[in-house]
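A.B. asks: The following block contains the structure, expressed as structure tokens.
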Protein chains: 2
Amino acid sequence: MTITITAFERSPDGGKGLARDTRVRWALEEVGQSYEVRLVSFQAMKEPAHMALHPFGQIPTYEEGHLALFETGSIVFHLAERHAGLLPVDADARARAITWMFAAVNTVEPPILDLVTVKILEGDKPWSKERLPLVQDRVRGRLKQLSVRLGSAEWLDGEFSAGDLMMVSVLLRSRPSGLLDEYSNLAAYVARGEARPAYQRAFAAQLAINTRTPQPDGHPR
Amino acid sequence: MTITITAFERSPDGGKGLARDTRVRWALEEVGQSYEVRLVSFQAMKEPAHMALHPFGQIPTYEEGHLALFETGSIVFHLAERHAGLLPVDADARARAITWMFAAVNTVEPPILDLVTVKILEGDKPWSKERLPLVQDRVRGRLKQLSVRLGSAEWLDGEFSAGDLMMVSVLLRSRPSGLLDEYSNLAAYVARGEARPAYQRAFAAQLAINTRTPQPDGHPR
């Protein structure tokens with residue numbers, strides 16, 4: 001059955017791989033599933049056809065026959081459950097890997113996304129400059145706790161899992177701020193994720209889209 | 001095997017059921033599993049014994065024999081996977097229910113928690129009052145999208161599922177702000193969740209702890 005995901009027609013990061021389609025591409029590459037991509041403009045993301053697939057008007061979505069999913073955690077889990085390689089076979093280890101998936105999106109990602117809120121969304125507000133250090137310190141608080149837990153381990157719990165895939169993807173979003181590099185074991189952990197061939201293929205695929213030459217109508221082809 | 005969860009010795013909400021142990025208690029009640037509770041003080045949450053269970057120093061945690069989990073999404077999923085009643089049997093419906101679990105903690109909860117940031121954490125900052133309407137509007141944005149998707153349905157996707165359990169729990173946290181009641185179908189959805197006998201038992205159990213009489217040493221007994 002053909003798998004189709006959606007991605008930004010033009011990613012706000014210009015191809016740095018920080019948009020959320022990258023983590024779904026990565027999971028698809030890890031489990032060896034081919035997929036098609038439907039590109040969506042910012043405008044189309046808020047129109048009924050896309051909102052029917054994604055009630056919050058975001059990317060990515062995932063379609064496979066009659067099944068339509070959104071939320072990267074859910075899509076990555078769906079793939080991990082149906083294909084070997086992203087979740088341990090042992091029941092307890094599997095439950096812990098799923099714990100890290102939720103920790104990535106619920107506990108680590110929100111403070112990192114607040115950096116975007118304070119710098120971009122509220123960048124023109126009079127409080128932006130004074131508020132930034134508070135937000136940065138909250139990110140540091142989370143990164144420090146994660147750094148302590150990871151210690152000198154290669155991955156968060158034994159072998160590489162969907163928990164690492166999600167956590168590395170989320171941590172990548174803290175790198176442009178410089179905060180990730182304050183925690184050398186986390187920076188090395190992220191680099192190990194990026195070095196995986198499946199990540200490399202996922203990154204290259206999103207980059208190819210985001211570095212196409214714009215056409216006269218303003219849309220890249 | 002005995003199941004033990006952790007909860008606040010004294011919840012910051014004084015027993016309104018908004019602390020995260022309530023959703024785990026609710027799931028345990030839905031699947032008919034008895035459990036024990038170990039209460040943790042704010043100080044003890046940051047000490048090594050608790051940090052070994054929860055690397056981010058929060059509650060709840062979940063222990064069952066040798067298995068130790070954190071993150072409510074992961075704990076609720078663990079219970080839903082092992083007991084009937086919280087996830088559909090049909091594979092596609094199950095994947096969609098899991099999608100709603102992730103949507104609750106990754107997409108709907110973060111803007112709602114920002115209300116706490118702006119009102120409490122940054123309540124003494126000069127920008128707090130001016131920033132509040134921006135944060136409220138972001139919550140409204142999400143609630144409106146969810147309201148549109150829910151429409152006149154009873155639950156988010158067919159029968160009540162772990163996705164509803166998580167979403168109702170997250171939405172409850174927006175009620176003190178008054179924002180939930182701006183969306184009548186969401187307010188009714190949350191009320192349907194609260195009316196479930198399993199929720200009632202979970203709520204009563206956390207309330208009993210949080211309304212005990214403090215002893216001379218300042219700790220409730």
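Letters A, B, ... go to the chains of the structure tokens in the order shown; residues in each chain start at 1; ligands are counted from 1 in the same order.
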Using only C-alpha atoms, find the residues of chain B whose closest atom to chain A is at most 8 Å away, then write them as a ChimeraX atom specification.
C.D. replies: /B:55-56,67-71,73-75,78,92,95-96,98-99,102-103,105-106,110,127,142,145-146,149
A.B. asks: Where does DSSP see strand (DSSP E) in stretch 3-56 of chain B, if you list the residues as a PDB file with all heavy atoms, in the first residue's frame?
C.D. replies:
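Result saved to out21.pdb:
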```
ATOM      1  N   ILE B   3       1.121  -2.608  41.582  1.00  0.00           N
ATOM      2  CA  ILE B   3       1.386  -1.383  40.829  1.00  0.00           C
ATOM      3  C   ILE B   3       1.495  -0.238  41.827  1.00  0.00           C
ATOM      4  O   ILE B   3       0.620  -0.064  42.675  1.00  0.00           O
ATOM      5  CB  ILE B   3       0.242  -1.110  39.827  1.00  0.00           C
ATOM      6  CG1 ILE B   3       0.242  -2.162  38.716  1.00  0.00           C
ATOM      7  CG2 ILE B   3       0.364   0.301  39.246  1.00  0.00           C
ATOM      8  CD1 ILE B   3      -0.989  -2.105  37.814  1.00  0.00           C
ATOM      9  N   THR B   4       2.582   0.521  41.738  1.00  0.00           N
ATOM     10  CA  THR B   4       2.753   1.683  42.620  1.00  0.00           C
ATOM     11  C   THR B   4       2.968   2.924  41.778  1.00  0.00           C
ATOM     12  O   THR B   4       3.832   2.935  40.894  1.00  0.00           O
ATOM     13  CB  THR B   4       3.961   1.492  43.564  1.00  0.00           C
ATOM     14  OG1 THR B   4       3.791   0.269  44.301  1.00  0.00           O
ATOM     15  CG2 THR B   4       4.087   2.655  44.533  1.00  0.00           C
ATOM     16  N   ILE B   5       2.193   3.955  42.033  1.00  0.00           N
ATOM     17  CA  ILE B   5       2.423   5.233  41.350  1.00  0.00           C
ATOM     18  C   ILE B   5       2.863   6.269  42.389  1.00  0.00           C
ATOM     19  O   ILE B   5       2.681   6.056  43.593  1.00  0.00           O
ATOM     20  CB  ILE B   5       1.160   5.729  40.597  1.00  0.00           C
ATOM     21  CG1 ILE B   5       0.052   6.130  41.590  1.00  0.00           C
ATOM     22  CG2 ILE B   5       0.655   4.674  39.623  1.00  0.00           C
ATOM     23  CD1 ILE B   5      -1.078   6.924  40.947  1.00  0.00           C
ATOM     24  N   THR B   6       3.443   7.339  41.913  1.00  0.00           N
ATOM     25  CA  THR B   6       3.768   8.443  42.823  1.00  0.00           C
ATOM     26  C   THR B   6       2.828   9.613  42.538  1.00  0.00           C
ATOM     27  O   THR B   6       2.309   9.766  41.436  1.00  0.00           O
ATOM     28  CB  THR B   6       5.227   8.926  42.667  1.00  0.00           C
ATOM     29  OG1 THR B   6       5.508   9.137  41.287  1.00  0.00           O
ATOM     30  CG2 THR B   6       6.207   7.917  43.245  1.00  0.00           C
ATOM     31  N   ALA B   7       2.609  10.403  43.592  1.00  0.00           N
ATOM     32  CA  ALA B   7       1.761  11.597  43.483  1.00  0.00           C
ATOM     33  C   ALA B   7       2.330  12.650  44.433  1.00  0.00           C
ATOM     34  O   ALA B   7       3.157  12.344  45.299  1.00  0.00           O
ATOM     35  CB  ALA B   7       0.322  11.254  43.854  1.00  0.00           C
ATOM     36  N   PHE B   8       1.886  13.896  44.240  1.00  0.00           N
ATOM     37  CA  PHE B   8       2.313  14.977  45.139  1.00  0.00           C
ATOM     38  C   PHE B   8       1.853  14.691  46.570  1.00  0.00           C
ATOM     39  O   PHE B   8       0.690  14.334  46.799  1.00  0.00           O
ATOM     40  CB  PHE B   8       1.659  16.306  44.735  1.00  0.00           C
ATOM     41  CG  PHE B   8       2.225  16.947  43.513  1.00  0.00           C
ATOM     42  CD1 PHE B   8       1.403  17.256  42.436  1.00  0.00           C
ATOM     43  CD2 PHE B   8       3.569  17.291  43.445  1.00  0.00           C
ATOM     44  CE1 PHE B   8       1.907  17.884  41.301  1.00  0.00           C
ATOM     45  CE2 PHE B   8       4.076  17.918  42.304  1.00  0.00           C
ATOM     46  CZ  PHE B   8       3.245  18.214  41.240  1.00  0.00           C
ATOM     47  N   GLU B  36      -1.153   1.128  44.442  1.00  0.00           N
ATOM     48  CA  GLU B  36      -0.732   1.829  45.648  1.00  0.00           C
ATOM     49  C   GLU B  36      -0.129   3.164  45.256  1.00  0.00           C
ATOM     50  O   GLU B  36       0.308   3.342  44.122  1.00  0.00           O
ATOM     51  CB  GLU B  36       0.291   0.986  46.411  1.00  0.00           C
ATOM     52  CG  GLU B  36      -0.359  -0.309  46.908  1.00  0.00           C
ATOM     53  CD  GLU B  36       0.577  -1.174  47.741  1.00  0.00           C
ATOM     54  OE1 GLU B  36       1.759  -0.801  47.905  1.00  0.00           O
ATOM     55  OE2 GLU B  36       0.100  -2.213  48.215  1.00  0.00           O
ATOM     56  N   VAL B  37      -0.124   4.085  46.206  1.00  0.00           N
ATOM     57  CA  VAL B  37       0.403   5.432  45.918  1.00  0.00           C
ATOM     58  C   VAL B  37       1.502   5.760  46.924  1.00  0.00           C
ATOM     59  O   VAL B  37       1.326   5.572  48.121  1.00  0.00           O
ATOM     60  CB  VAL B  37      -0.709   6.494  46.028  1.00  0.00           C
ATOM     61  CG1 VAL B  37      -0.165   7.880  45.662  1.00  0.00           C
ATOM     62  CG2 VAL B  37      -1.884   6.130  45.119  1.00  0.00           C
ATOM     63  N   ARG B  38       2.608   6.210  46.407  1.00  0.00           N
ATOM     64  CA  ARG B  38       3.679   6.714  47.275  1.00  0.00           C
ATOM     65  C   ARG B  38       3.705   8.229  47.097  1.00  0.00           C
ATOM     66  O   ARG B  38       3.874   8.746  45.982  1.00  0.00           O
ATOM     67  CB  ARG B  38       5.023   6.098  46.884  1.00  0.00           C
ATOM     68  CG  ARG B  38       6.123   6.393  47.899  1.00  0.00           C
ATOM     69  CD  ARG B  38       7.402   5.596  47.643  1.00  0.00           C
ATOM     70  NE  ARG B  38       8.028   5.940  46.375  1.00  0.00           N
ATOM     71  CZ  ARG B  38       8.074   5.138  45.317  1.00  0.00           C
ATOM     72  NH1 ARG B  38       7.534   3.935  45.340  1.00  0.00           N
ATOM     73  NH2 ARG B  38       8.655   5.531  44.203  1.00  0.00           N
ATOM     74  N   LEU B  39       3.524   8.959  48.181  1.00  0.00           N
ATOM     75  CA  LEU B  39       3.486  10.423  48.086  1.00  0.00           C
ATOM     76  C   LEU B  39       4.899  10.989  48.150  1.00  0.00           C
ATOM     77  O   LEU B  39       5.751  10.493  48.882  1.00  0.00           O
ATOM     78  CB  LEU B  39       2.625  10.991  49.214  1.00  0.00           C
ATOM     79  CG  LEU B  39       1.169  10.491  49.214  1.00  0.00           C
ATOM     80  CD1 LEU B  39       0.397  11.105  50.367  1.00  0.00           C
ATOM     81  CD2 LEU B  39       0.489  10.814  47.877  1.00  0.00           C
ATOM     82  N   VAL B  40       5.127  12.024  47.368  1.00  0.00           N
ATOM     83  CA  VAL B  40       6.463  12.609  47.251  1.00  0.00           C
ATOM     84  C   VAL B  40       6.357  14.115  47.494  1.00  0.00           C
ATOM     85  O   VAL B  40       5.471  14.778  46.949  1.00  0.00           O
ATOM     86  CB  VAL B  40       7.052  12.355  45.839  1.00  0.00           C
ATOM     87  CG1 VAL B  40       8.515  12.751  45.791  1.00  0.00           C
ATOM     88  CG2 VAL B  40       6.887  10.897  45.436  1.00  0.00           C
TER      89      VAL B  40
END
```
A.B. asks: Set the distance at 9 Å and use only C-alpha atoms: which residues neighbour stretch 193-199 of chain A once local chain neighbours fewer than 3 positions away are removed? I'd like the list as a PyMOL selection string.
C.D. replies: chain A and resi 22-23+25-32+160+164-165+168-169+188-190+202-204
A.B. asks: Tell me, in Å to one decimal, how far atom CA of B:Ile120 is from atom CA of A:Asp137.
C.D. replies: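 Between atom CA of B:Ile120 and atom CA of A:Asp137 the gap works out to 16.6 Å.
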A.B. asks: Measuring atom to atom with only C-alpha atoms, identify which of B:Gln33, B:Ser41, B:Gln58, B:Gly123 is nearest to B:Arg82.
C.D. replies: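 That would be B:Gln33, the residue with the smallest distance to B:Arg82.
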A.B. asks: Quick check, in Å to one decimal: how far apart do atom CA of A:Glu81 and atom CA of B:Asp157 lie?
C.D. replies: 20.8 Å
A.B. asks: Could you pull out the helix (DSSP H, G or I) residues of stretch 4-62 of chain B, going by DSSP on the backbone, and write them as a list in words?
C.D. replies: Asp21, Thr22, Arg23, Val24, Arg25, Trp26, Ala27, Leu28, Glu29, Glu30, Phe42, Gln43, Ala44, Met45, Pro48, Ala49, His50, Met51, Ala52 and Leu53 of chain B
A.B. asks: Pick out the residues sitting within 12 Å of B:Glu9, and hand them over as a PyMOL selection string; count only C-alpha atoms, and ignore anything fewer than 2 positions along from it in its own chain.
C.D. replies: chain B and resi 6-7+11-15+19+21+37-45+59-60+206-212+214+218-221
A.B. asks: Keeping only N, CA and C atoms, write those residues as a short mmCIF file (atom, residue, chain, number, x, y, z; two decimals), in the first residue's frame.
C.D. replies:
```
data_model
loop_
_atom_site.label_atom_id
_atom_site.label_comp_id
_atom_site.auth_asym_id
_atom_site.auth_seq_id
_atom_site.Cartn_x
_atom_site.Cartn_y
_atom_site.Cartn_z
N THR B 6 3.44 7.34 41.91
CA THR B 6 3.77 8.44 42.82
C THR B 6 2.83 9.61 42.54
N ALA B 7 2.61 10.40 43.59
CA ALA B 7 1.76 11.60 43.48
C ALA B 7 2.33 12.65 44.43
N SER B 11 -0.73 18.50 46.43
CA SER B 11 -0.81 18.99 45.06
C SER B 11 -0.90 20.52 45.04
N PRO B 12 -0.22 21.16 44.10
CA PRO B 12 -0.29 22.63 44.01
C PRO B 12 -1.73 23.11 43.77
N ASP B 13 -2.60 22.26 43.23
CA ASP B 13 -3.97 22.69 42.95
C ASP B 13 -4.91 22.42 44.12
N GLY B 14 -4.37 21.88 45.23
CA GLY B 14 -5.18 21.67 46.42
C GLY B 14 -6.25 20.59 46.28
N GLY B 15 -6.15 19.79 45.22
CA GLY B 15 -7.11 18.69 45.09
C GLY B 15 -8.12 18.85 43.97
N ALA B 19 -3.39 17.73 38.80
CA ALA B 19 -2.04 17.14 38.79
C ALA B 19 -2.08 15.87 37.94
N ASP B 21 -1.11 12.86 38.26
CA ASP B 21 -1.42 11.50 38.73
C ASP B 21 -2.88 11.14 38.45
N VAL B 37 -0.12 4.09 46.21
CA VAL B 37 0.40 5.43 45.92
C VAL B 37 1.50 5.76 46.92
N ARG B 38 2.61 6.21 46.41
CA ARG B 38 3.68 6.71 47.27
C ARG B 38 3.71 8.23 47.10
N LEU B 39 3.52 8.96 48.18
CA LEU B 39 3.49 10.42 48.09
C LEU B 39 4.90 10.99 48.15
N VAL B 40 5.13 12.02 47.37
CA VAL B 40 6.46 12.61 47.25
C VAL B 40 6.36 14.11 47.49
N SER B 41 7.25 14.64 48.30
CA SER B 41 7.29 16.09 48.55
C SER B 41 8.01 16.77 47.40
N PHE B 42 7.84 18.09 47.26
CA PHE B 42 8.55 18.84 46.22
C PHE B 42 10.05 18.64 46.33
N GLN B 43 10.52 18.60 47.58
CA GLN B 43 11.97 18.43 47.79
C GLN B 43 12.41 17.04 47.34
N ALA B 44 11.68 16.03 47.75
CA ALA B 44 12.07 14.65 47.43
C ALA B 44 12.02 14.36 45.93
N MET B 45 11.16 15.12 45.19
CA MET B 45 11.06 14.91 43.75
C MET B 45 12.37 15.19 43.02
N ILE B 59 6.09 14.04 38.99
CA ILE B 59 5.18 12.92 39.23
C ILE B 59 4.22 12.88 38.06
N PRO B 60 3.54 11.79 37.78
CA PRO B 60 3.66 10.50 38.46
C PRO B 60 4.74 9.61 37.85
N GLN B 206 -7.57 11.21 44.68
CA GLN B 206 -6.57 12.29 44.82
C GLN B 206 -7.08 13.37 45.77
N LEU B 207 -8.40 13.57 45.78
CA LEU B 207 -8.96 14.59 46.68
C LEU B 207 -8.76 14.18 48.14
N ALA B 208 -8.93 12.91 48.42
CA ALA B 208 -8.78 12.42 49.80
C ALA B 208 -7.38 12.74 50.33
N ILE B 209 -6.39 12.60 49.48
CA ILE B 209 -5.01 12.91 49.90
C ILE B 209 -4.82 14.40 50.12
N ASN B 210 -5.40 15.18 49.24
CA ASN B 210 -5.12 16.61 49.27
C ASN B 210 -6.00 17.42 50.23
N THR B 211 -6.91 16.73 50.90
CA THR B 211 -7.73 17.43 51.88
C THR B 211 -7.55 16.85 53.29
N ARG B 212 -6.46 16.08 53.47
CA ARG B 212 -6.18 15.60 54.82
C ARG B 212 -5.78 16.77 55.71
N PRO B 214 -3.50 18.86 58.00
CA PRO B 214 -2.05 18.93 58.26
C PRO B 214 -1.76 18.61 59.73
N GLY B 218 3.53 19.98 59.98
CA GLY B 218 3.28 20.63 58.69
C GLY B 218 2.95 19.67 57.57
N HIS B 219 3.17 18.36 57.80
CA HIS B 219 2.88 17.39 56.75
C HIS B 219 1.49 16.79 56.97
N PRO B 220 0.71 16.65 55.92
CA PRO B 220 -0.59 15.98 56.10
C PRO B 220 -0.38 14.50 56.41
N ARG B 221 -1.29 13.93 57.11
CA ARG B 221 -1.25 12.49 57.40
C ARG B 221 -2.49 11.81 56.86
#
```
A.B. asks: Return the single residue from B:Leu87, B:Val135, B:Leu18, B:Val24 that is closest to B:Arg173, with distances computed using only C-alpha atoms.
C.D. replies: B:Leu18
